[in-house]
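Trainee: Enclosed is the structure file protein_36.txt (compact mmCIF, C-alpha atoms).
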```
# COMPACT_ATOMS: atom_id res chain seq x y z
CA MET A 1 38.86 86.11 54.85
CA SER A 2 39.59 82.47 55.62
CA GLU A 3 40.19 81.10 59.08
CA LEU A 4 43.84 80.42 58.22
CA GLN A 5 44.43 84.03 57.18
CA VAL A 6 42.77 85.27 60.34
CA GLU A 7 44.99 83.00 62.40
CA LYS A 8 48.13 84.27 60.61
CA GLN A 9 47.13 87.86 61.25
CA ARG A 10 46.45 87.06 64.88
CA VAL A 11 49.87 85.41 65.25
CA ARG A 12 51.59 88.36 63.57
CA TRP A 13 49.76 90.84 65.79
CA TRP A 14 50.63 89.01 68.99
CA SER A 15 54.26 88.57 67.85
CA ARG A 16 54.56 92.28 67.16
CA TYR A 17 52.82 93.01 70.47
CA TRP A 18 55.34 90.98 72.50
CA ILE A 19 58.29 92.31 70.54
CA LYS A 20 57.11 95.87 71.18
CA LYS A 21 56.62 95.03 74.85
CA ILE A 22 60.19 93.73 75.04
CA VAL A 23 61.57 96.80 73.24
CA ARG A 24 59.77 99.18 75.59
CA HIS A 25 60.79 97.33 78.73
CA PRO A 26 63.27 99.29 80.93
CA LEU A 27 65.57 96.27 81.13
CA PHE A 28 65.93 96.32 77.34
CA SER A 29 67.07 99.96 77.21
CA ASN A 30 69.29 99.49 80.27
CA THR A 31 71.01 96.55 78.58
CA VAL A 32 71.68 98.65 75.49
CA ILE A 33 73.11 101.45 77.62
CA MET A 34 75.38 98.95 79.39
CA MET A 35 76.63 97.69 76.03
CA ILE A 36 77.33 101.26 74.93
CA LEU A 37 79.32 101.93 78.11
CA LEU A 38 81.20 98.65 77.71
CA ASN A 39 82.03 99.58 74.13
CA ALA A 40 83.32 102.97 75.31
CA ILE A 41 85.52 101.30 77.95
CA LEU A 42 86.95 98.83 75.42
CA VAL A 43 87.75 101.58 72.93
CA GLY A 44 89.47 103.53 75.69
CA LEU A 45 91.53 100.54 76.83
CA GLU A 46 92.67 99.84 73.27
CA THR A 47 94.44 103.21 73.22
CA TYR A 48 97.03 101.66 75.56
CA PRO A 49 99.34 99.52 73.37
CA GLN A 50 100.53 97.33 76.23
CA ILE A 51 96.95 96.33 77.03
CA ALA A 52 95.70 96.11 73.44
CA ASN A 53 98.54 93.88 72.25
CA LYS A 54 98.25 91.55 75.22
CA HIS A 55 94.47 91.08 75.04
CA HIS A 56 93.87 91.58 71.33
CA THR A 57 91.82 88.40 70.90
CA LEU A 58 89.67 89.14 73.95
CA PHE A 59 88.94 92.65 72.72
CA TYR A 60 87.95 91.31 69.30
CA ILE A 61 85.57 88.71 70.77
CA MET A 62 83.95 91.27 73.08
CA ASP A 63 83.56 93.73 70.22
CA GLN A 64 81.81 91.09 68.12
CA CYS A 65 79.52 90.24 71.04
CA ILE A 66 78.61 93.91 71.47
CA LEU A 67 77.95 94.19 67.74
CA ALA A 68 75.71 91.09 67.91
CA VAL A 69 73.72 92.62 70.78
CA PHE A 70 73.31 95.85 68.83
CA THR A 71 72.17 93.86 65.79
CA ILE A 72 69.55 91.95 67.79
CA GLU A 73 68.37 95.17 69.40
CA LEU A 74 68.07 96.91 66.04
CA GLY A 75 66.22 93.90 64.55
CA LEU A 76 63.69 93.82 67.39
CA ARG A 77 63.04 97.55 67.09
CA LEU A 78 62.60 97.15 63.33
CA LEU A 79 60.12 94.25 63.76
CA SER A 80 58.12 96.17 66.34
CA GLU A 81 57.19 98.83 63.79
CA LYS A 82 54.21 98.50 61.48
CA PRO A 83 54.76 99.21 58.69
CA PHE A 84 58.47 98.56 59.05
CA TYR A 85 59.54 101.60 56.98
CA ARG A 86 58.14 103.84 59.71
CA PHE A 87 61.27 102.88 61.64
CA PHE A 88 63.39 104.91 59.20
CA GLN A 89 61.25 108.02 59.53
CA ASP A 90 63.05 108.81 62.78
CA PRO A 91 66.55 110.26 62.12
CA TRP A 92 67.85 108.67 65.33
CA ASN A 93 66.83 105.24 64.08
CA VAL A 94 68.65 105.88 60.81
CA PHE A 95 71.72 106.89 62.81
CA ASP A 96 71.58 103.66 64.83
CA PHE A 97 71.05 101.60 61.68
CA PHE A 98 74.10 103.18 60.01
CA LEU A 99 76.34 102.49 63.01
CA VAL A 100 75.30 98.84 63.25
CA VAL A 101 75.54 98.15 59.52
CA SER A 102 78.94 99.87 59.32
CA GLY A 103 80.25 97.29 61.80
CA TYR A 104 79.76 94.65 59.09
CA VAL A 105 80.77 96.74 56.08
CA PHE A 106 84.03 98.37 57.20
CA VAL A 107 85.77 95.24 58.50
CA SER A 108 88.50 94.75 55.91
CA ALA A 109 92.05 95.96 56.38
CA HIS A 110 91.51 98.81 53.89
CA PHE A 111 88.82 100.33 56.12
CA MET A 112 90.41 99.55 59.49
CA THR A 113 90.88 103.23 60.36
CA VAL A 114 87.28 104.00 59.41
CA PHE A 115 86.12 101.00 61.43
CA ARG A 116 87.98 102.19 64.53
CA VAL A 117 86.49 105.67 64.20
CA LEU A 118 82.99 104.22 63.83
CA ARG A 119 83.53 102.09 66.93
CA ILE A 120 84.26 105.28 68.84
CA ILE A 121 81.18 106.94 67.36
CA ARG A 122 79.09 104.04 68.71
CA VAL A 123 79.30 105.81 72.05
CA LEU A 124 77.00 108.45 70.58
CA ARG A 125 74.27 105.81 70.55
CA ALA A 126 73.76 106.80 74.17
CA ILE A 127 72.14 109.97 72.82
CA SER A 128 69.52 108.06 70.83
CA THR A 129 68.96 105.61 73.69
CA ILE A 130 68.56 108.06 76.57
CA PRO A 131 65.47 110.27 75.95
CA SER A 132 66.74 113.23 77.99
CA LEU A 133 69.96 113.40 75.96
CA ARG A 134 68.01 113.05 72.73
CA ARG A 135 65.74 115.97 73.62
CA LEU A 136 68.74 118.09 74.54
CA VAL A 137 70.47 117.42 71.21
CA GLU A 138 67.24 118.11 69.34
CA ALA A 139 66.97 121.43 71.16
CA LEU A 140 70.54 122.31 70.15
CA ILE A 141 69.78 121.46 66.52
CA LEU A 142 66.68 123.66 66.58
CA THR A 143 68.78 126.59 67.78
CA ILE A 144 71.10 126.47 64.75
CA PRO A 145 69.01 128.82 62.50
CA THR A 146 68.63 131.38 65.27
CA LEU A 147 72.23 131.07 66.42
CA GLY A 148 73.35 131.87 62.89
CA ASN A 149 72.23 135.50 63.23
CA ILE A 150 73.80 135.82 66.67
CA SER A 151 77.01 134.23 65.35
CA LEU A 152 77.10 136.85 62.61
CA LEU A 153 76.64 139.59 65.22
CA LEU A 154 79.37 138.08 67.37
CA GLY A 155 81.67 137.82 64.34
CA LEU A 156 81.21 141.51 63.52
CA PHE A 157 81.77 142.40 67.15
CA PHE A 158 84.98 140.36 67.28
CA TYR A 159 86.23 141.84 64.02
CA ILE A 160 85.70 145.43 65.15
CA PHE A 161 87.48 144.89 68.47
CA ALA A 162 90.27 142.84 66.84
CA VAL A 163 91.05 145.57 64.31
CA THR A 164 90.79 148.25 67.00
CA GLY A 165 93.04 146.31 69.37
CA THR A 166 95.64 145.78 66.63
CA ILE A 167 95.70 149.48 65.79
CA LEU A 168 95.89 150.64 69.41
CA PHE A 169 98.11 148.05 71.09
CA ALA A 170 100.28 146.45 68.36
CA ASN A 171 103.41 148.27 69.56
CA ALA A 172 102.66 148.08 73.28
CA SER A 173 101.74 144.36 73.32
CA PRO A 174 102.90 142.65 70.11
CA GLU A 175 102.57 139.15 71.59
CA TYR A 176 98.80 139.65 72.01
CA PHE A 177 97.85 142.36 69.49
CA GLY A 178 100.72 142.27 67.00
CA SER A 179 98.51 141.17 64.08
CA LEU A 180 94.86 140.63 63.30
CA HIS A 181 94.88 136.89 63.90
CA GLN A 182 96.77 137.35 67.19
CA SER A 183 94.13 139.84 68.27
CA PHE A 184 91.40 137.33 67.41
CA LEU A 185 93.08 134.69 69.57
CA THR A 186 93.49 137.20 72.40
CA LEU A 187 89.82 138.16 72.25
CA PHE A 188 88.82 134.50 72.23
CA GLN A 189 90.86 133.97 75.40
CA MET A 190 89.23 137.04 76.94
CA VAL A 191 85.71 135.91 76.12
CA THR A 192 86.38 132.67 77.99
CA LEU A 193 87.44 134.79 81.01
CA GLU A 194 90.61 132.71 81.28
CA ALA A 195 93.33 134.83 82.99
CA TRP A 196 92.57 137.81 80.77
CA ALA A 197 93.14 140.38 83.51
CA SER A 198 96.43 139.09 84.95
CA ASP A 199 98.05 137.93 81.70
CA ILE A 200 96.79 140.45 79.15
CA MET A 201 95.26 143.59 80.66
CA ARG A 202 97.48 144.41 83.65
CA PRO A 203 100.83 144.15 81.80
CA LEU A 204 99.36 146.37 79.10
CA LEU A 205 98.12 148.93 81.65
CA GLU A 206 101.73 149.63 82.63
CA LYS A 207 102.35 150.93 79.10
CA VAL A 208 98.85 152.21 78.17
CA PRO A 209 97.00 153.29 81.33
CA TRP A 210 93.68 153.90 79.57
CA ALA A 211 93.61 150.42 77.96
CA TRP A 212 91.18 149.22 80.67
CA ILE A 213 88.35 150.95 78.77
CA TYR A 214 88.89 148.64 75.79
CA PHE A 215 88.91 145.51 77.93
CA VAL A 216 85.92 146.44 80.07
CA LEU A 217 83.82 147.28 77.02
CA PHE A 218 84.70 144.00 75.33
CA ILE A 219 84.03 141.87 78.42
CA MET A 220 80.71 143.58 79.14
CA MET A 221 79.43 143.39 75.58
CA GLY A 222 81.03 140.16 74.39
CA THR A 223 80.70 137.95 77.45
CA PHE A 224 77.82 139.36 79.46
CA VAL A 225 75.52 140.29 76.57
CA ILE A 226 76.10 138.35 73.35
CA LEU A 227 77.13 135.02 74.89
CA ASN A 228 74.17 135.20 77.26
CA LEU A 229 71.97 135.48 74.19
CA PHE A 230 73.31 132.09 73.11
CA VAL A 231 72.47 130.60 76.48
CA GLY A 232 69.01 132.19 76.53
CA ILE A 233 68.10 130.84 73.10
CA ILE A 234 69.27 127.33 73.96
CA VAL A 235 67.32 127.34 77.24
CA ASN A 236 64.21 128.53 75.41
CA LYS A 237 64.48 125.74 72.85
CA VAL A 238 64.97 123.14 75.59
CA GLU A 239 61.78 124.34 77.24
CA ASN A 240 59.96 124.01 73.92
CA ILE A 241 61.24 120.46 73.55
CA GLU A 242 59.94 119.65 77.03
CA ASP A 243 56.52 120.92 75.96
CA THR A 244 56.50 118.50 73.04
CA LYS A 245 56.72 115.58 75.45
CA VAL A 246 52.97 115.96 75.99
CA ASP A 247 52.39 115.73 72.25
CA ASP A 248 54.48 112.56 72.11
CA LEU A 249 52.33 111.05 74.87
CA TYR A 250 49.16 111.78 72.91
CA ARG A 251 50.75 110.22 69.84
CA GLU A 252 51.55 107.05 71.77
CA VAL A 253 47.96 106.87 73.04
CA HIS A 254 46.68 107.26 69.48
CA LEU A 255 48.89 104.41 68.24
CA LEU A 256 47.72 102.23 71.11
CA ARG A 257 44.10 102.89 70.20
CA LEU A 258 44.80 101.89 66.61
CA GLU A 259 46.35 98.62 67.77
CA ILE A 260 43.37 97.89 70.02
CA ALA A 261 41.00 98.58 67.13
CA GLU A 262 42.97 96.19 64.93
CA LEU A 263 42.83 93.51 67.60
CA LYS A 264 39.07 93.93 67.95
CA LYS A 265 38.74 93.58 64.19
CA LEU A 266 40.72 90.34 64.22
CA ILE A 267 38.60 88.97 67.08
CA HIS A 268 35.44 89.86 65.20
CA GLN A 269 36.70 88.17 62.03
CA ALA A 270 37.67 85.08 64.02
CA LYS A 271 34.17 84.89 65.51
CA GLU A 272 32.61 85.10 62.04
```
Turn the structure described in the file into structure tokens.

Mentor:
Amino acid sequence: MSELQVEKQRVRWWSRYWIKKIVRHPLFSNTVIMMILLNAILVGLETYPQIANKHHTLFYIMDQCILAVFTIELGLRLLSEKPFYRFFQDPWNVFDFFLVVSGYVFVSAHFMTVFRVLRIIRVLRAISTIPSLRRLVEALILTIPTLGNISLLLGLFFYIFAVTGTILFANASPEYFGSLHQSFLTLFQMVTLEAWASDIMRPLLEKVPWAWIYFVLFIMMGTFVILNLFVGIIVNKVENIEDTKVDDLYREVHLLRLEIAELKKLIHQAKE
């Protein structure tokens, strides 16, 4: 390897090193979070016509500045990866890339509605930027296969009680149990524990005194048992995600060792 090639490799390595140092600096991530919050505030203010029409030009300039900051941030993160395609192996990076690129693609009048929706979705970049939020969302995604079985159990439970409630209380309380879909809505209100006793159960008790058995059984089984299974599974997955933080630390140490080995190799080649 010639001295010129060694020098180019050394320059590339140090450039990537400083770019990675900038990307990992707390000020860098804090700046991105501030831009995300500013974008959220601007989108919220634009929902008021009197403000949006008066400061339309200012909003447009600020939106373009925010998009430019996001573009620079995405470019630096892309340059800090070696090889660069490793950047797209992380789904969160792909999500960020899509949001930034969409700001340049959907800018014509035909896609104005899509562009406005994507500007709102930019707020979700806070999830990919803040590690704690990212781990929480990853935990929720991991619970989807397990929650499917519990959702099926909850659906069967709701269906049985909805049909039973329609048969038993359709005449006594038609506004809540007059049909199957009304019974489903009533049970959904009950499972949220929102005024189910005062609005639904007590008026019905005046006509059907033994109706409390139906309500107590549903509240005990639906709210205190099945819904707590949802919470338990989510908490368990969050704890598992927290355990993987140690694995991520080891992975970072391994990558750092590889970079040090590459630097030593370049120094040795330069000496030769």

Trainee: Find the distance between atom CA of Ala172 of chain A and atom CA of Thr223 of chain A and write it in Å to one decimal.

Mentor: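 It comes out at 24.5 Å.
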
Trainee: Between atom CA of Pro91 of chain A and atom CA of Pro145 of chain A, what distance in Å does the model show, to one decimal?

Mentor: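 That distance, rounded to one decimal, is 18.7 Å.
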
Trainee: So which residues are close to (69.8, 120.8, 72.7), meaning at most 12 Å away in the file's coordinates with all atoms listed in the file counted, and can you show them as a PyMOL selection string?

Mentor: chain A and resi 127+131-144+230-231+233-242

Trainee: Which residues are near segment 175-188 of chain A? Cut-off 8 Å, all atoms listed in the file, ignore same chain within fewer than 5 positions. Put them as a PDB file with C-alpha atoms, keeping the file's coordinate frame.

Mentor:
```pdb
ATOM      1  CA  PHE A 158      84.980 140.360  67.280  1.00  0.00           C
ATOM      2  CA  TYR A 159      86.230 141.840  64.020  1.00  0.00           C
ATOM      3  CA  ALA A 162      90.270 142.840  66.840  1.00  0.00           C
ATOM      4  CA  VAL A 163      91.050 145.570  64.310  1.00  0.00           C
ATOM      5  CA  GLY A 165      93.040 146.310  69.370  1.00  0.00           C
ATOM      6  CA  THR A 166      95.640 145.780  66.630  1.00  0.00           C
ATOM      7  CA  PHE A 169      98.110 148.050  71.090  1.00  0.00           C
ATOM      8  CA  ALA A 170     100.280 146.450  68.360  1.00  0.00           C
ATOM      9  CA  ILE A 200      96.790 140.450  79.150  1.00  0.00           C
TER      10      ILE A 200
END
```

Trainee: Ranking A:Thr71, A:Thr192, A:Asn53, A:Ser80 by minimum distance to Ile19 of chain A and counting all atoms listed in the file, which one comes first?

Mentor: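 Going through A:Thr71, A:Thr192, A:Asn53, A:Ser80 one by one, the smallest distance to Ile19 of chain A is for A:Ser80.
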
Trainee: Would you work out the distance separating atom CA of Ile121 of chain A from atom CA of Leu37 of chain A, expressed in Å to one decimal?

Mentor: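 Going from atom CA of Ile121 of chain A over to atom CA of Leu37 of chain A, I get 12.0 Å.
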
Trainee: Of the residues A:Phe218, A:Arg77, A:Ile120, A:Pro174, which is the one nearest to Ile160 of chain A, using all atoms listed in the file?

Mentor: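 The answer is A:Phe218, which sits nearest to Ile160 of chain A.
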
Trainee: Quick one: everything within 12 Å of Gly75 of chain A, counting only C-alpha atoms, minus sequence neighbours fewer than 4 positions away in the same chain. Send it as a list in words.

Mentor: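 My list of contacting residues is Ile19, Lys20, Val23, Ala68, Val69, Phe70, Thr71, Leu79, Ser80, Glu81, Phe84, Phe87, Asn93, Asp96, Phe97, Val100 and Val101 of chain A.
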
Trainee: Choose the residue, out of A:Leu204, A:Ile130, A:Leu38, A:Leu154, that has the smallest atom-to-atom separation from Val191 of chain A; count only C-alpha atoms.

Mentor: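 Closest to Val191 of chain A, using only C-alpha atoms: A:Leu154.
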
Trainee: Tell me which protein, DNA and RNA residues are within 12 Å of Gln64 of chain A, counting all atoms listed in the file, leaving out same-chain ones fewer than 3 positions away, and put them as a ChimeraX atom specification.

Mentor: /A:35,39,42,57-61,67-71,100,103-104,107,119

Trainee: Using C-alpha atoms, give me segment 99-233 of chain A from the structure I just pasted, as a PDB file, in the first residue's frame.

Mentor:
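File produced: result_8.pdb:
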```
ATOM      1  CA  LEU A  99     -39.526  11.125   7.351  1.00  0.00           C
ATOM      2  CA  VAL A 100     -36.664  13.345   6.188  1.00  0.00           C
ATOM      3  CA  VAL A 101     -36.821  12.261   2.546  1.00  0.00           C
ATOM      4  CA  SER A 102     -40.610  12.668   2.484  1.00  0.00           C
ATOM      5  CA  GLY A 103     -40.103  16.350   3.328  1.00  0.00           C
ATOM      6  CA  TYR A 104     -38.503  16.772  -0.111  1.00  0.00           C
ATOM      7  CA  VAL A 105     -40.738  14.386  -2.066  1.00  0.00           C
ATOM      8  CA  PHE A 106     -44.251  15.401  -0.975  1.00  0.00           C
ATOM      9  CA  VAL A 107     -43.907  19.157  -1.489  1.00  0.00           C
ATOM     10  CA  SER A 108     -46.159  19.728  -4.487  1.00  0.00           C
ATOM     11  CA  ALA A 109     -49.744  20.888  -4.205  1.00  0.00           C
ATOM     12  CA  HIS A 110     -51.049  17.406  -5.089  1.00  0.00           C
ATOM     13  CA  PHE A 111     -49.413  15.943  -1.974  1.00  0.00           C
ATOM     14  CA  MET A 112     -50.038  18.871   0.384  1.00  0.00           C
ATOM     15  CA  THR A 113     -52.340  16.844   2.650  1.00  0.00           C
ATOM     16  CA  VAL A 114     -49.816  14.001   2.799  1.00  0.00           C
ATOM     17  CA  PHE A 115     -47.055  16.507   3.514  1.00  0.00           C
ATOM     18  CA  ARG A 116     -48.979  18.016   6.417  1.00  0.00           C
ATOM     19  CA  VAL A 117     -49.639  14.582   7.898  1.00  0.00           C
ATOM     20  CA  LEU A 118     -45.956  13.664   7.595  1.00  0.00           C
ATOM     21  CA  ARG A 119     -44.994  16.908   9.317  1.00  0.00           C
ATOM     22  CA  ILE A 120     -47.154  15.846  12.237  1.00  0.00           C
ATOM     23  CA  ILE A 121     -45.594  12.376  12.217  1.00  0.00           C
ATOM     24  CA  ARG A 122     -42.162  14.027  12.546  1.00  0.00           C
ATOM     25  CA  VAL A 123     -43.000  14.388  16.222  1.00  0.00           C
ATOM     26  CA  LEU A 124     -42.624  10.615  16.475  1.00  0.00           C
ATOM     27  CA  ARG A 125     -38.917  11.109  15.817  1.00  0.00           C
ATOM     28  CA  ALA A 126     -38.707  11.794  19.538  1.00  0.00           C
ATOM     29  CA  ILE A 127     -39.175   8.047  20.004  1.00  0.00           C
ATOM     30  CA  SER A 128     -36.129   7.172  17.909  1.00  0.00           C
ATOM     31  CA  THR A 129     -34.088   9.974  19.487  1.00  0.00           C
ATOM     32  CA  ILE A 130     -34.825   9.306  23.162  1.00  0.00           C
ATOM     33  CA  PRO A 131     -33.480   5.836  24.124  1.00  0.00           C
ATOM     34  CA  SER A 132     -35.958   5.272  26.968  1.00  0.00           C
ATOM     35  CA  LEU A 133     -38.927   5.878  24.656  1.00  0.00           C
ATOM     36  CA  ARG A 134     -37.387   3.647  22.009  1.00  0.00           C
ATOM     37  CA  ARG A 135     -36.981   0.771  24.460  1.00  0.00           C
ATOM     38  CA  LEU A 136     -40.558   1.200  25.638  1.00  0.00           C
ATOM     39  CA  VAL A 137     -41.937   1.047  22.089  1.00  0.00           C
ATOM     40  CA  GLU A 138     -39.758  -1.978  21.319  1.00  0.00           C
ATOM     41  CA  ALA A 139     -41.169  -3.683  24.406  1.00  0.00           C
ATOM     42  CA  LEU A 140     -44.716  -2.947  23.233  1.00  0.00           C
ATOM     43  CA  ILE A 141     -43.942  -4.385  19.801  1.00  0.00           C
ATOM     44  CA  LEU A 142     -42.523  -7.547  21.360  1.00  0.00           C
ATOM     45  CA  THR A 143     -45.752  -8.048  23.302  1.00  0.00           C
ATOM     46  CA  ILE A 144     -47.897  -8.158  20.146  1.00  0.00           C
ATOM     47  CA  PRO A 145     -47.608 -11.965  19.540  1.00  0.00           C
ATOM     48  CA  THR A 146     -48.424 -12.743  23.164  1.00  0.00           C
ATOM     49  CA  LEU A 147     -51.175 -10.147  23.384  1.00  0.00           C
ATOM     50  CA  GLY A 148     -52.853 -11.769  20.396  1.00  0.00           C
ATOM     51  CA  ASN A 149     -53.843 -14.816  22.463  1.00  0.00           C
ATOM     52  CA  ILE A 150     -55.033 -12.667  25.356  1.00  0.00           C
ATOM     53  CA  SER A 151     -56.980 -10.471  22.914  1.00  0.00           C
ATOM     54  CA  LEU A 152     -58.706 -13.584  21.596  1.00  0.00           C
ATOM     55  CA  LEU A 153     -59.565 -14.610  25.164  1.00  0.00           C
ATOM     56  CA  LEU A 154     -60.857 -11.120  25.918  1.00  0.00           C
ATOM     57  CA  GLY A 155     -62.909 -11.139  22.707  1.00  0.00           C
ATOM     58  CA  LEU A 156     -64.581 -14.429  23.643  1.00  0.00           C
ATOM     59  CA  PHE A 157     -65.208 -13.122  27.138  1.00  0.00           C
ATOM     60  CA  PHE A 158     -66.792  -9.933  25.786  1.00  0.00           C
ATOM     61  CA  TYR A 159     -68.921 -11.856  23.303  1.00  0.00           C
ATOM     62  CA  ILE A 160     -70.315 -14.217  25.943  1.00  0.00           C
ATOM     63  CA  PHE A 161     -71.225 -11.387  28.319  1.00  0.00           C
ATOM     64  CA  ALA A 162     -72.597  -9.212  25.484  1.00  0.00           C
ATOM     65  CA  VAL A 163     -74.946 -11.957  24.280  1.00  0.00           C
ATOM     66  CA  THR A 164     -75.931 -12.801  27.850  1.00  0.00           C
ATOM     67  CA  GLY A 165     -76.574  -9.151  28.701  1.00  0.00           C
ATOM     68  CA  THR A 166     -78.705  -8.683  25.573  1.00  0.00           C
ATOM     69  CA  ILE A 167     -80.814 -11.722  26.410  1.00  0.00           C
ATOM     70  CA  LEU A 168     -81.290 -10.807  30.069  1.00  0.00           C
ATOM     71  CA  PHE A 169     -81.602  -7.017  30.033  1.00  0.00           C
ATOM     72  CA  ALA A 170     -82.800  -5.998  26.539  1.00  0.00           C
ATOM     73  CA  ASN A 171     -86.292  -5.154  27.800  1.00  0.00           C
ATOM     74  CA  ALA A 172     -85.241  -3.693  31.146  1.00  0.00           C
ATOM     75  CA  SER A 173     -82.468  -1.451  29.756  1.00  0.00           C
ATOM     76  CA  PRO A 174     -82.793  -1.090  25.968  1.00  0.00           C
ATOM     77  CA  GLU A 175     -80.503   1.957  25.842  1.00  0.00           C
ATOM     78  CA  TYR A 176     -77.576  -0.147  27.116  1.00  0.00           C
ATOM     79  CA  PHE A 177     -78.460  -3.758  26.231  1.00  0.00           C
ATOM     80  CA  GLY A 178     -81.038  -3.360  23.460  1.00  0.00           C
ATOM     81  CA  SER A 179     -78.842  -5.033  20.815  1.00  0.00           C
ATOM     82  CA  LEU A 180     -75.560  -6.882  20.566  1.00  0.00           C
ATOM     83  CA  HIS A 181     -73.512  -3.878  19.484  1.00  0.00           C
ATOM     84  CA  GLN A 182     -75.058  -1.741  22.245  1.00  0.00           C
ATOM     85  CA  SER A 183     -74.097  -4.403  24.755  1.00  0.00           C
ATOM     86  CA  PHE A 184     -70.525  -4.383  23.417  1.00  0.00           C
ATOM     87  CA  LEU A 185     -70.326  -0.608  23.889  1.00  0.00           C
ATOM     88  CA  THR A 186     -71.772  -0.921  27.391  1.00  0.00           C
ATOM     89  CA  LEU A 187     -69.227  -3.570  28.342  1.00  0.00           C
ATOM     90  CA  PHE A 188     -66.424  -1.437  26.940  1.00  0.00           C
ATOM     91  CA  GLN A 189     -67.571   1.446  29.142  1.00  0.00           C
ATOM     92  CA  MET A 190     -67.725  -0.910  32.118  1.00  0.00           C
ATOM     93  CA  VAL A 191     -64.233  -2.281  31.561  1.00  0.00           C
ATOM     94  CA  THR A 192     -62.887   1.272  31.699  1.00  0.00           C
ATOM     95  CA  LEU A 193     -64.656   1.666  35.081  1.00  0.00           C
ATOM     96  CA  GLU A 194     -66.172   4.926  33.849  1.00  0.00           C
ATOM     97  CA  ALA A 195     -69.445   5.572  35.769  1.00  0.00           C
ATOM     98  CA  TRP A 196     -70.599   2.002  35.228  1.00  0.00           C
ATOM     99  CA  ALA A 197     -72.227   1.691  38.648  1.00  0.00           C
ATOM    100  CA  SER A 198     -74.161   4.972  38.755  1.00  0.00           C
ATOM    101  CA  ASP A 199     -75.174   5.158  35.086  1.00  0.00           C
ATOM    102  CA  ILE A 200     -75.703   1.512  34.150  1.00  0.00           C
ATOM    103  CA  MET A 201     -75.980  -0.856  37.110  1.00  0.00           C
ATOM    104  CA  ARG A 202     -78.022   1.061  39.703  1.00  0.00           C
ATOM    105  CA  PRO A 203     -80.845   2.122  37.337  1.00  0.00           C
ATOM    106  CA  LEU A 204     -81.054  -1.482  36.170  1.00  0.00           C
ATOM    107  CA  LEU A 205     -81.166  -2.809  39.750  1.00  0.00           C
ATOM    108  CA  GLU A 206     -84.484  -1.012  40.254  1.00  0.00           C
ATOM    109  CA  LYS A 207     -86.015  -3.249  37.581  1.00  0.00           C
ATOM    110  CA  VAL A 208     -83.851  -6.401  37.945  1.00  0.00           C
ATOM    111  CA  PRO A 209     -82.604  -6.688  41.544  1.00  0.00           C
ATOM    112  CA  TRP A 210     -80.304  -9.643  40.863  1.00  0.00           C
ATOM    113  CA  ALA A 211     -78.510  -7.897  37.963  1.00  0.00           C
ATOM    114  CA  TRP A 212     -75.593  -7.030  40.289  1.00  0.00           C
ATOM    115  CA  ILE A 213     -74.321 -10.610  39.876  1.00  0.00           C
ATOM    116  CA  TYR A 214     -73.786 -10.027  36.143  1.00  0.00           C
ATOM    117  CA  PHE A 215     -71.934  -6.763  36.693  1.00  0.00           C
ATOM    118  CA  VAL A 216     -69.743  -7.992  39.536  1.00  0.00           C
ATOM    119  CA  LEU A 217     -68.694 -11.079  37.578  1.00  0.00           C
ATOM    120  CA  PHE A 218     -67.816  -9.019  34.514  1.00  0.00           C
ATOM    121  CA  ILE A 219     -65.844  -6.408  36.460  1.00  0.00           C
ATOM    122  CA  MET A 220     -63.918  -9.018  38.442  1.00  0.00           C
ATOM    123  CA  MET A 221     -63.048 -11.176  35.450  1.00  0.00           C
ATOM    124  CA  GLY A 222     -62.751  -8.557  32.717  1.00  0.00           C
ATOM    125  CA  THR A 223     -61.021  -5.727  34.530  1.00  0.00           C
ATOM    126  CA  PHE A 224     -59.191  -7.300  37.446  1.00  0.00           C
ATOM    127  CA  VAL A 225     -58.012 -10.481  35.713  1.00  0.00           C
ATOM    128  CA  ILE A 226     -57.740 -10.249  31.921  1.00  0.00           C
ATOM    129  CA  LEU A 227     -56.674  -6.598  31.668  1.00  0.00           C
ATOM    130  CA  ASN A 228     -54.087  -7.166  34.387  1.00  0.00           C
ATOM    131  CA  LEU A 229     -52.657  -9.918  32.194  1.00  0.00           C
ATOM    132  CA  PHE A 230     -52.047  -7.257  29.537  1.00  0.00           C
ATOM    133  CA  VAL A 231     -50.248  -5.066  32.038  1.00  0.00           C
ATOM    134  CA  GLY A 232     -48.204  -7.974  33.392  1.00  0.00           C
ATOM    135  CA  ILE A 233     -47.006  -9.035  29.947  1.00  0.00           C
TER     136      ILE A 233
END
```
